[in-house]
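Below is final_18.cif, which holds mmCIF, N, CA and C atoms.
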data_target
#
loop_
_atom_site.label_atom_id
_atom_site.label_comp_id
_atom_site.auth_asym_id
_atom_site.auth_seq_id
_atom_site.Cartn_x
_atom_site.Cartn_y
_atom_site.Cartn_z
N MET E 161 10.47 -42.26 -21.29
CA MET E 161 10.81 -41.04 -20.57
C MET E 161 10.33 -39.84 -21.38
N VAL E 162 9.70 -38.90 -20.72
CA VAL E 162 9.21 -37.68 -21.35
C VAL E 162 10.37 -36.71 -21.50
N SER E 163 10.46 -36.07 -22.66
CA SER E 163 11.53 -35.09 -22.85
C SER E 163 10.93 -33.72 -23.15
N ILE E 164 11.72 -32.72 -22.87
CA ILE E 164 11.33 -31.33 -23.13
C ILE E 164 12.21 -30.80 -24.24
N ASN E 165 11.58 -30.13 -25.19
CA ASN E 165 12.31 -29.51 -26.29
C ASN E 165 13.40 -28.60 -25.70
N PRO E 166 14.66 -28.78 -26.10
CA PRO E 166 15.74 -27.96 -25.54
C PRO E 166 15.54 -26.45 -25.77
N ALA E 167 14.95 -26.08 -26.90
CA ALA E 167 14.69 -24.66 -27.14
C ALA E 167 13.70 -24.11 -26.12
N LEU E 168 12.68 -24.91 -25.78
CA LEU E 168 11.70 -24.47 -24.78
C LEU E 168 12.30 -24.46 -23.38
N MET E 169 13.19 -25.40 -23.11
CA MET E 169 13.84 -25.40 -21.80
C MET E 169 14.68 -24.13 -21.62
N LYS E 170 15.30 -23.69 -22.70
CA LYS E 170 16.09 -22.46 -22.66
C LYS E 170 15.19 -21.25 -22.41
N VAL E 171 14.05 -21.21 -23.08
CA VAL E 171 13.09 -20.12 -22.88
C VAL E 171 12.59 -20.14 -21.43
N PHE E 172 12.22 -21.33 -20.95
CA PHE E 172 11.72 -21.49 -19.58
C PHE E 172 12.79 -21.05 -18.58
N GLY E 173 14.03 -21.46 -18.79
CA GLY E 173 15.12 -21.09 -17.88
C GLY E 173 15.35 -19.59 -17.84
N PHE E 174 15.35 -18.96 -19.02
CA PHE E 174 15.59 -17.51 -19.08
C PHE E 174 14.48 -16.73 -18.39
N TRP E 175 13.23 -16.98 -18.81
CA TRP E 175 12.11 -16.21 -18.26
C TRP E 175 11.83 -16.60 -16.81
N GLY E 176 12.11 -17.84 -16.44
CA GLY E 176 11.98 -18.23 -15.04
C GLY E 176 12.96 -17.47 -14.16
N ALA E 177 14.17 -17.28 -14.67
CA ALA E 177 15.17 -16.51 -13.92
C ALA E 177 14.73 -15.05 -13.78
N ILE E 178 14.10 -14.51 -14.80
CA ILE E 178 13.56 -13.14 -14.71
C ILE E 178 12.53 -13.07 -13.58
N LEU E 179 11.66 -14.08 -13.49
CA LEU E 179 10.65 -14.09 -12.42
C LEU E 179 11.29 -14.22 -11.04
N VAL E 180 12.34 -15.01 -10.92
CA VAL E 180 13.02 -15.13 -9.62
C VAL E 180 13.64 -13.79 -9.24
N ILE E 181 14.26 -13.11 -10.19
CA ILE E 181 14.84 -11.78 -9.92
C ILE E 181 13.73 -10.81 -9.51
N LYS E 182 12.58 -10.90 -10.18
CA LYS E 182 11.45 -10.04 -9.83
C LYS E 182 10.98 -10.32 -8.40
N LEU E 183 10.91 -11.61 -8.03
CA LEU E 183 10.55 -11.96 -6.65
C LEU E 183 11.58 -11.41 -5.66
N LEU E 184 12.85 -11.55 -6.00
CA LEU E 184 13.90 -11.04 -5.12
C LEU E 184 13.83 -9.52 -4.99
N ALA E 185 13.41 -8.84 -6.05
CA ALA E 185 13.31 -7.37 -6.02
C ALA E 185 12.23 -6.89 -5.06
N MET E 186 11.27 -7.75 -4.75
CA MET E 186 10.21 -7.35 -3.82
C MET E 186 10.75 -7.15 -2.40
N VAL E 187 11.83 -7.82 -2.05
CA VAL E 187 12.40 -7.68 -0.70
C VAL E 187 12.92 -6.26 -0.47
N PRO E 188 13.79 -5.72 -1.34
CA PRO E 188 14.23 -4.34 -1.11
C PRO E 188 13.10 -3.32 -1.30
N LEU E 189 12.13 -3.63 -2.14
CA LEU E 189 10.99 -2.73 -2.30
C LEU E 189 10.21 -2.64 -0.98
N THR E 190 10.01 -3.77 -0.34
CA THR E 190 9.33 -3.79 0.96
C THR E 190 10.18 -3.05 2.01
N ALA E 191 11.47 -3.33 2.03
CA ALA E 191 12.36 -2.66 2.99
C ALA E 191 12.37 -1.16 2.78
N ARG E 192 12.39 -0.73 1.53
CA ARG E 192 12.36 0.70 1.23
C ARG E 192 11.10 1.35 1.81
N GLN E 193 9.97 0.70 1.62
CA GLN E 193 8.71 1.23 2.16
C GLN E 193 8.76 1.26 3.69
N ARG E 194 9.28 0.20 4.27
CA ARG E 194 9.34 0.13 5.73
C ARG E 194 10.21 1.26 6.30
N PHE E 195 11.37 1.49 5.73
CA PHE E 195 12.26 2.53 6.24
C PHE E 195 11.71 3.92 5.94
N ARG E 196 11.12 4.09 4.78
CA ARG E 196 10.56 5.39 4.40
C ARG E 196 9.42 5.78 5.34
N LYS E 197 8.58 4.80 5.68
CA LYS E 197 7.41 5.06 6.51
C LYS E 197 7.67 4.78 8.00
N LYS E 198 8.86 4.26 8.31
CA LYS E 198 9.21 3.87 9.69
C LYS E 198 8.20 2.87 10.24
N VAL E 199 7.94 1.84 9.44
CA VAL E 199 6.99 0.80 9.80
C VAL E 199 7.73 -0.53 9.80
N PHE E 200 7.66 -1.22 10.93
CA PHE E 200 8.41 -2.45 11.05
C PHE E 200 7.51 -3.61 11.48
N ALA E 201 7.91 -4.81 11.14
CA ALA E 201 7.10 -5.99 11.42
C ALA E 201 7.23 -6.43 12.88
N ASN E 202 8.38 -6.20 13.47
CA ASN E 202 8.65 -6.68 14.83
C ASN E 202 9.30 -5.58 15.66
N PRO E 203 9.03 -5.53 16.95
CA PRO E 203 9.63 -4.49 17.80
C PRO E 203 11.16 -4.49 17.77
N GLU E 204 11.76 -5.67 17.68
CA GLU E 204 13.23 -5.72 17.68
C GLU E 204 13.85 -5.12 16.42
N ASP E 205 13.04 -4.97 15.37
CA ASP E 205 13.54 -4.39 14.12
C ASP E 205 13.68 -2.88 14.19
N THR E 206 13.11 -2.25 15.21
CA THR E 206 13.15 -0.78 15.30
C THR E 206 14.53 -0.25 15.60
N GLY E 207 15.45 -1.10 16.02
CA GLY E 207 16.82 -0.66 16.26
C GLY E 207 17.50 -0.20 14.98
N PHE E 208 17.01 -0.65 13.84
CA PHE E 208 17.56 -0.24 12.55
C PHE E 208 16.92 1.04 12.02
N ALA E 209 15.90 1.50 12.71
CA ALA E 209 15.12 2.65 12.22
C ALA E 209 15.81 3.96 12.54
N PRO E 210 15.65 4.94 11.66
CA PRO E 210 16.11 6.28 12.01
C PRO E 210 15.29 6.80 13.20
N LYS E 211 15.81 7.76 13.91
CA LYS E 211 15.10 8.28 15.09
C LYS E 211 13.76 8.87 14.67
N GLY E 212 12.82 8.81 15.58
CA GLY E 212 11.49 9.36 15.31
C GLY E 212 10.43 8.32 15.61
N LYS E 213 9.20 8.66 15.28
CA LYS E 213 8.07 7.77 15.54
C LYS E 213 8.16 6.50 14.70
N VAL E 214 7.95 5.37 15.35
CA VAL E 214 7.97 4.07 14.69
C VAL E 214 6.59 3.44 14.85
N THR E 215 6.06 2.86 13.78
CA THR E 215 4.78 2.18 13.84
C THR E 215 4.93 0.76 13.32
N PHE E 216 3.86 -0.01 13.45
CA PHE E 216 3.90 -1.40 13.02
C PHE E 216 2.82 -1.73 11.99
N ASP E 217 2.16 -0.68 11.47
CA ASP E 217 1.11 -0.91 10.49
C ASP E 217 1.00 0.30 9.58
N ASP E 218 0.98 0.06 8.28
CA ASP E 218 0.85 1.15 7.32
C ASP E 218 0.27 0.59 6.02
N PRO E 219 -0.69 1.26 5.41
CA PRO E 219 -1.31 0.73 4.19
C PRO E 219 -0.35 0.60 3.01
N ASP E 220 0.62 1.48 2.90
CA ASP E 220 1.58 1.40 1.79
C ASP E 220 2.51 0.20 1.94
N VAL E 221 2.94 -0.06 3.16
CA VAL E 221 3.80 -1.22 3.42
C VAL E 221 2.99 -2.50 3.19
N GLU E 222 1.76 -2.50 3.67
CA GLU E 222 0.90 -3.68 3.49
C GLU E 222 0.63 -3.94 2.01
N ARG E 223 0.50 -2.90 1.22
CA ARG E 223 0.28 -3.06 -0.22
C ARG E 223 1.44 -3.80 -0.87
N VAL E 224 2.66 -3.43 -0.53
CA VAL E 224 3.84 -4.09 -1.09
C VAL E 224 3.92 -5.54 -0.60
N ARG E 225 3.61 -5.74 0.67
CA ARG E 225 3.62 -7.10 1.22
C ARG E 225 2.58 -7.98 0.54
N ARG E 226 1.39 -7.45 0.32
CA ARG E 226 0.34 -8.22 -0.35
C ARG E 226 0.72 -8.53 -1.79
N CYS E 227 1.38 -7.60 -2.45
CA CYS E 227 1.86 -7.83 -3.81
C CYS E 227 2.88 -8.97 -3.82
N HIS E 228 3.79 -8.96 -2.86
CA HIS E 228 4.80 -10.02 -2.76
C HIS E 228 4.12 -11.36 -2.48
N LEU E 229 3.16 -11.37 -1.57
CA LEU E 229 2.43 -12.60 -1.27
C LEU E 229 1.68 -13.11 -2.51
N ASN E 230 1.08 -12.19 -3.27
CA ASN E 230 0.38 -12.57 -4.50
C ASN E 230 1.36 -13.20 -5.49
N ASP E 231 2.56 -12.65 -5.57
CA ASP E 231 3.60 -13.25 -6.43
C ASP E 231 3.90 -14.68 -5.99
N LEU E 232 4.08 -14.87 -4.70
CA LEU E 232 4.40 -16.22 -4.21
C LEU E 232 3.26 -17.19 -4.50
N GLU E 233 2.03 -16.71 -4.39
CA GLU E 233 0.86 -17.56 -4.64
C GLU E 233 0.67 -17.89 -6.11
N ASN E 234 1.29 -17.13 -7.00
CA ASN E 234 1.10 -17.35 -8.43
C ASN E 234 2.35 -17.83 -9.15
N ILE E 235 3.50 -17.28 -8.81
CA ILE E 235 4.73 -17.62 -9.53
C ILE E 235 5.19 -19.04 -9.19
N LEU E 236 5.12 -19.42 -7.93
CA LEU E 236 5.58 -20.77 -7.56
C LEU E 236 4.74 -21.85 -8.24
N PRO E 237 3.40 -21.76 -8.24
CA PRO E 237 2.64 -22.77 -9.00
C PRO E 237 2.91 -22.70 -10.50
N TRP E 238 3.19 -21.50 -11.02
CA TRP E 238 3.49 -21.36 -12.45
C TRP E 238 4.71 -22.19 -12.82
N PHE E 239 5.74 -22.16 -11.98
CA PHE E 239 6.94 -22.95 -12.28
C PHE E 239 6.57 -24.43 -12.43
N LEU E 240 5.78 -24.93 -11.53
CA LEU E 240 5.40 -26.34 -11.57
C LEU E 240 4.54 -26.66 -12.80
N ILE E 241 3.47 -25.91 -13.02
CA ILE E 241 2.57 -26.23 -14.13
C ILE E 241 3.25 -25.99 -15.47
N THR E 242 4.12 -25.00 -15.56
CA THR E 242 4.81 -24.76 -16.84
C THR E 242 5.78 -25.89 -17.14
N PHE E 243 6.49 -26.35 -16.13
CA PHE E 243 7.38 -27.48 -16.35
C PHE E 243 6.59 -28.69 -16.84
N LEU E 244 5.47 -28.99 -16.18
CA LEU E 244 4.63 -30.11 -16.61
C LEU E 244 4.08 -29.87 -18.03
N TYR E 245 3.67 -28.66 -18.31
CA TYR E 245 3.15 -28.31 -19.64
C TYR E 245 4.21 -28.56 -20.71
N LEU E 246 5.45 -28.22 -20.41
CA LEU E 246 6.53 -28.42 -21.39
C LEU E 246 6.75 -29.90 -21.69
N THR E 247 6.34 -30.77 -20.79
CA THR E 247 6.49 -32.22 -21.05
C THR E 247 5.41 -32.76 -21.97
N THR E 248 4.41 -31.94 -22.31
CA THR E 248 3.32 -32.39 -23.19
C THR E 248 3.66 -32.21 -24.67
N GLY E 249 4.83 -31.65 -24.96
CA GLY E 249 5.23 -31.44 -26.35
C GLY E 249 4.48 -30.33 -27.05
N PRO E 250 4.32 -29.17 -26.39
CA PRO E 250 3.59 -28.07 -27.01
C PRO E 250 4.37 -27.45 -28.17
N SER E 251 3.68 -26.67 -28.97
CA SER E 251 4.37 -25.95 -30.05
C SER E 251 5.34 -24.95 -29.42
N VAL E 252 6.50 -24.81 -30.01
CA VAL E 252 7.52 -23.89 -29.49
C VAL E 252 6.97 -22.47 -29.47
N TRP E 253 6.28 -22.08 -30.53
CA TRP E 253 5.76 -20.71 -30.61
C TRP E 253 4.75 -20.45 -29.50
N LEU E 254 3.79 -21.35 -29.32
CA LEU E 254 2.75 -21.15 -28.30
C LEU E 254 3.35 -21.17 -26.90
N ALA E 255 4.16 -22.14 -26.59
CA ALA E 255 4.74 -22.25 -25.25
C ALA E 255 5.61 -21.03 -24.94
N THR E 256 6.39 -20.58 -25.91
CA THR E 256 7.24 -19.40 -25.71
C THR E 256 6.39 -18.18 -25.38
N ASN E 257 5.30 -18.00 -26.12
CA ASN E 257 4.46 -16.83 -25.90
C ASN E 257 3.65 -16.93 -24.61
N LEU E 258 3.27 -18.13 -24.21
CA LEU E 258 2.60 -18.29 -22.92
C LEU E 258 3.56 -17.95 -21.77
N ILE E 259 4.79 -18.42 -21.88
CA ILE E 259 5.80 -18.12 -20.84
C ILE E 259 6.05 -16.63 -20.77
N ARG E 260 6.30 -16.00 -21.90
CA ARG E 260 6.54 -14.55 -21.92
C ARG E 260 5.32 -13.80 -21.41
N GLY E 261 4.15 -14.22 -21.85
CA GLY E 261 2.92 -13.56 -21.42
C GLY E 261 2.74 -13.60 -19.92
N PHE E 262 3.04 -14.74 -19.30
CA PHE E 262 2.92 -14.85 -17.85
C PHE E 262 3.92 -13.92 -17.17
N VAL E 263 5.16 -13.92 -17.62
CA VAL E 263 6.18 -13.08 -16.99
C VAL E 263 5.80 -11.61 -17.11
N PHE E 264 5.40 -11.18 -18.30
CA PHE E 264 5.01 -9.78 -18.48
C PHE E 264 3.79 -9.43 -17.64
N SER E 265 2.86 -10.40 -17.49
CA SER E 265 1.67 -10.12 -16.68
C SER E 265 2.05 -9.93 -15.21
N ARG E 266 3.02 -10.70 -14.72
CA ARG E 266 3.42 -10.55 -13.31
C ARG E 266 4.19 -9.25 -13.08
N ILE E 267 4.99 -8.86 -14.06
CA ILE E 267 5.70 -7.57 -13.93
C ILE E 267 4.68 -6.44 -13.94
N ALA E 268 3.72 -6.50 -14.86
CA ALA E 268 2.67 -5.47 -14.92
C ALA E 268 1.84 -5.47 -13.64
N HIS E 269 1.59 -6.65 -13.08
CA HIS E 269 0.83 -6.74 -11.83
C HIS E 269 1.56 -6.00 -10.71
N THR E 270 2.86 -6.21 -10.60
CA THR E 270 3.63 -5.52 -9.56
C THR E 270 3.61 -4.01 -9.76
N LEU E 271 3.78 -3.59 -11.01
CA LEU E 271 3.77 -2.15 -11.29
C LEU E 271 2.43 -1.51 -10.95
N THR E 272 1.34 -2.21 -11.25
CA THR E 272 0.01 -1.64 -11.02
C THR E 272 -0.53 -1.94 -9.63
N TYR E 273 0.22 -2.68 -8.83
CA TYR E 273 -0.19 -2.97 -7.46
C TYR E 273 0.68 -2.21 -6.46
N ALA E 274 1.98 -2.39 -6.55
CA ALA E 274 2.88 -1.87 -5.52
C ALA E 274 3.59 -0.58 -5.89
N VAL E 275 3.79 -0.32 -7.17
CA VAL E 275 4.57 0.85 -7.57
C VAL E 275 3.67 2.03 -7.90
N CYS E 276 2.73 1.82 -8.80
CA CYS E 276 1.81 2.86 -9.23
C CYS E 276 0.40 2.26 -9.26
N PRO E 277 -0.25 2.17 -8.10
CA PRO E 277 -1.53 1.46 -8.00
C PRO E 277 -2.60 2.00 -8.95
N MET E 278 -3.17 1.08 -9.73
CA MET E 278 -4.27 1.47 -10.61
C MET E 278 -5.08 0.26 -11.03
N GLN E 279 -6.36 0.48 -11.10
CA GLN E 279 -7.29 -0.50 -11.65
C GLN E 279 -7.83 0.08 -12.94
N PRO E 280 -8.20 -0.65 -13.93
CA PRO E 280 -8.29 -2.10 -13.96
C PRO E 280 -6.99 -2.79 -14.37
N GLY E 281 -5.90 -2.04 -14.49
CA GLY E 281 -4.63 -2.62 -14.90
C GLY E 281 -4.18 -3.78 -14.04
N ARG E 282 -4.37 -3.64 -12.73
CA ARG E 282 -3.96 -4.71 -11.82
C ARG E 282 -4.80 -5.96 -12.06
N ALA E 283 -6.09 -5.80 -12.20
CA ALA E 283 -6.96 -6.96 -12.42
C ALA E 283 -6.67 -7.62 -13.76
N ILE E 284 -6.49 -6.82 -14.78
CA ILE E 284 -6.20 -7.37 -16.12
C ILE E 284 -4.90 -8.16 -16.09
N SER E 285 -3.86 -7.57 -15.50
CA SER E 285 -2.56 -8.27 -15.47
C SER E 285 -2.65 -9.55 -14.65
N PHE E 286 -3.41 -9.53 -13.55
CA PHE E 286 -3.57 -10.74 -12.76
C PHE E 286 -4.27 -11.83 -13.57
N PHE E 287 -5.37 -11.47 -14.22
CA PHE E 287 -6.16 -12.49 -14.93
C PHE E 287 -5.47 -13.01 -16.18
N VAL E 288 -4.62 -12.22 -16.81
CA VAL E 288 -3.84 -12.73 -17.95
C VAL E 288 -2.97 -13.89 -17.47
N GLY E 289 -2.24 -13.70 -16.38
CA GLY E 289 -1.41 -14.77 -15.84
C GLY E 289 -2.22 -15.95 -15.35
N TYR E 290 -3.35 -15.66 -14.73
CA TYR E 290 -4.22 -16.71 -14.20
C TYR E 290 -4.78 -17.58 -15.32
N ILE E 291 -5.19 -16.94 -16.40
CA ILE E 291 -5.73 -17.68 -17.56
C ILE E 291 -4.65 -18.52 -18.22
N ILE E 292 -3.44 -17.98 -18.31
CA ILE E 292 -2.33 -18.75 -18.88
C ILE E 292 -2.08 -20.01 -18.04
N MET E 293 -2.04 -19.85 -16.71
CA MET E 293 -1.83 -21.03 -15.86
C MET E 293 -2.98 -22.01 -16.00
N GLY E 294 -4.18 -21.50 -16.07
CA GLY E 294 -5.34 -22.37 -16.24
C GLY E 294 -5.29 -23.14 -17.54
N TYR E 295 -4.91 -22.46 -18.62
CA TYR E 295 -4.78 -23.13 -19.92
C TYR E 295 -3.74 -24.24 -19.84
N GLN E 296 -2.61 -23.95 -19.25
CA GLN E 296 -1.54 -24.94 -19.14
C GLN E 296 -1.98 -26.13 -18.29
N ALA E 297 -2.70 -25.85 -17.19
CA ALA E 297 -3.16 -26.93 -16.32
C ALA E 297 -4.16 -27.83 -17.03
N VAL E 298 -5.13 -27.24 -17.74
CA VAL E 298 -6.11 -28.01 -18.47
C VAL E 298 -5.43 -28.82 -19.58
N ASN E 299 -4.48 -28.20 -20.25
CA ASN E 299 -3.73 -28.88 -21.31
C ASN E 299 -3.02 -30.10 -20.75
N CYS E 300 -2.37 -29.95 -19.60
CA CYS E 300 -1.69 -31.08 -18.96
C CYS E 300 -2.67 -32.17 -18.58
N LEU E 301 -3.78 -31.76 -18.00
CA LEU E 301 -4.80 -32.72 -17.59
C LEU E 301 -5.30 -33.53 -18.78
N MET E 302 -5.59 -32.86 -19.88
CA MET E 302 -6.08 -33.55 -21.07
C MET E 302 -5.00 -34.45 -21.67
N HIS E 303 -3.77 -34.00 -21.65
CA HIS E 303 -2.66 -34.76 -22.22
C HIS E 303 -2.41 -36.04 -21.42
N TYR E 304 -2.45 -35.95 -20.10
CA TYR E 304 -2.09 -37.08 -19.27
C TYR E 304 -3.29 -37.90 -18.80
N MET E 305 -4.48 -37.57 -19.27
CA MET E 305 -5.68 -38.32 -18.88
C MET E 305 -5.68 -39.69 -19.47
#

Before we go any further, please render this structure as structure tokens.
Amino acid sequence: MVSINPALMKVFGFWGAILVIKLLAMVPLTARQRFRKKVFANPEDTGFAPKGKVTFDDPDVERVRRCHLNDLENILPWFLITFLYLTTGPSVWLATNLIRGFVFSRIAHTLTYAVCPMQPGRAISFFVGYIIMGYQAVNCLMHYM
């Protein structure tokens, strides 16, 4: 049976919880944009809107939605590959810093995508997390080959 270092499991649990909270924070961020801009996904949702013009498309709302979708496309696979990576017996120092690096990259990605849009910060933060996942995936592949 493969075991995971308890210290690394603690690191993974803590930083994984931070990522889940970050994902959950995208919901009120999207709602805030929708109410501020009076932009709703469905006609039946307009009953919650303040009086005035209501629309169903806005670039600012779409930006937050795309950021949330990007999180789902990256954070969920990260949980899986990181768990598998931890079963390979990595160094505590390296695994801890890869986990932290990924979490910080996703937070930076959200800030540079949905909160204060700017390039190349968004691209850099995305690729830092992408490279970390790639490293972990290749490491797992080599370990279990």

Considering all atoms listed in the file, state which residue in the set E:Ala283, E:Cys276, E:Ile259, E:Ala191 is at the smallest distance from Thr242 of chain E.
E:Ile259

Tell me which protein, DNA and RNA residues are within 8 Å of Thr190 of chain E, counting all atoms listed in the file, leaving out same-chain ones fewer than 3 positions away, and put them as a PyMOL selection string.
chain E and resi 185-187+193-196+220-221+224-225

Go ahead and write the residues just picked, N, CA and C atoms, as a short mmCIF file (atom, residue, chain, number, x, y, z; two decimals), in the coordinates of the input.
data_model
loop_
_atom_site.label_atom_id
_atom_site.label_comp_id
_atom_site.auth_asym_id
_atom_site.auth_seq_id
_atom_site.Cartn_x
_atom_site.Cartn_y
_atom_site.Cartn_z
N ALA E 185 13.41 -8.84 -6.05
CA ALA E 185 13.31 -7.37 -6.02
C ALA E 185 12.23 -6.89 -5.06
N MET E 186 11.27 -7.75 -4.75
CA MET E 186 10.21 -7.35 -3.82
C MET E 186 10.75 -7.15 -2.40
N VAL E 187 11.83 -7.82 -2.05
CA VAL E 187 12.40 -7.68 -0.70
C VAL E 187 12.92 -6.26 -0.47
N GLN E 193 9.97 0.70 1.62
CA GLN E 193 8.71 1.23 2.16
C GLN E 193 8.76 1.26 3.69
N ARG E 194 9.28 0.20 4.27
CA ARG E 194 9.34 0.13 5.73
C ARG E 194 10.21 1.26 6.30
N PHE E 195 11.37 1.49 5.73
CA PHE E 195 12.26 2.53 6.24
C PHE E 195 11.71 3.92 5.94
N ARG E 196 11.12 4.09 4.78
CA ARG E 196 10.56 5.39 4.40
C ARG E 196 9.42 5.78 5.34
N ASP E 220 0.62 1.48 2.90
CA ASP E 220 1.58 1.40 1.79
C ASP E 220 2.51 0.20 1.94
N VAL E 221 2.94 -0.06 3.16
CA VAL E 221 3.80 -1.22 3.42
C VAL E 221 2.99 -2.50 3.19
N VAL E 224 2.66 -3.43 -0.53
CA VAL E 224 3.84 -4.09 -1.09
C VAL E 224 3.92 -5.54 -0.60
N ARG E 225 3.61 -5.74 0.67
CA ARG E 225 3.62 -7.10 1.22
C ARG E 225 2.58 -7.98 0.54
#

Going by the chain IDs and residue numbers used in this file, which residues fall under the PyMOL selection byres ((chain E and resi 269) around 8)? Write them as a PyMOL selection string.
chain E and resi 227+263-268+270-275+281-286

Can you pull out the residues contacting Asn299 of chain E? Cut-off 10 Å, using only C-alpha atoms, and skip same-chain residues under 4 positions away; I want them as a list in words.
Ile241, Leu244, Tyr245, Thr248, Pro250, Met293, Gly294, Tyr295, His303, Tyr304 and Met305 of chain E

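Closest approach to Asp231 of chain E among E:Ala167, E:Ile178, E:Leu183, E:Phe287 is made by E:Leu183 (distances from all atoms listed in the file).
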
Computed interatomic separation between atom N of Phe239 of chain E and atom CA of Cys300 of chain E (Å):
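According to the coordinates, atom N of Phe239 of chain E and atom CA of Cys300 of chain E are separated by 13.5 Å.
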
Which parts of segment 166-301 of chain E does DSSP call alpha helix (DSSP H) when run on the backbone here, written out as JSON, numbers by chain?
{"E": [166, 167, 168, 169, 170, 171, 172, 173, 174, 175, 176, 177, 178, 179, 180, 181, 182, 183, 184, 185, 186, 187, 188, 189, 190, 191, 192, 193, 194, 195, 196, 197, 219, 220, 221, 222, 223, 224, 225, 226, 227, 228, 229, 230, 231, 232, 233, 234, 235, 236, 237, 238, 239, 240, 241, 242, 243, 244, 245, 246, 252, 253, 254, 255, 256, 257, 258, 259, 260, 261, 262, 263, 264, 265, 266, 267, 268, 269, 270, 281, 282, 283, 284, 285, 286, 287, 288, 289, 290, 291, 292, 293, 294, 295, 296, 297, 298, 299, 300, 301]}

Axis-aligned box for segment 263-280 of chain E, 8 Å per side, centre and edges in Å as AutoDock Vina command-line options:
--center_x -1.1 --center_y -5.5 --center_z -12.0 --size_x 30.5 --size_y 32.8 --size_z 29.0
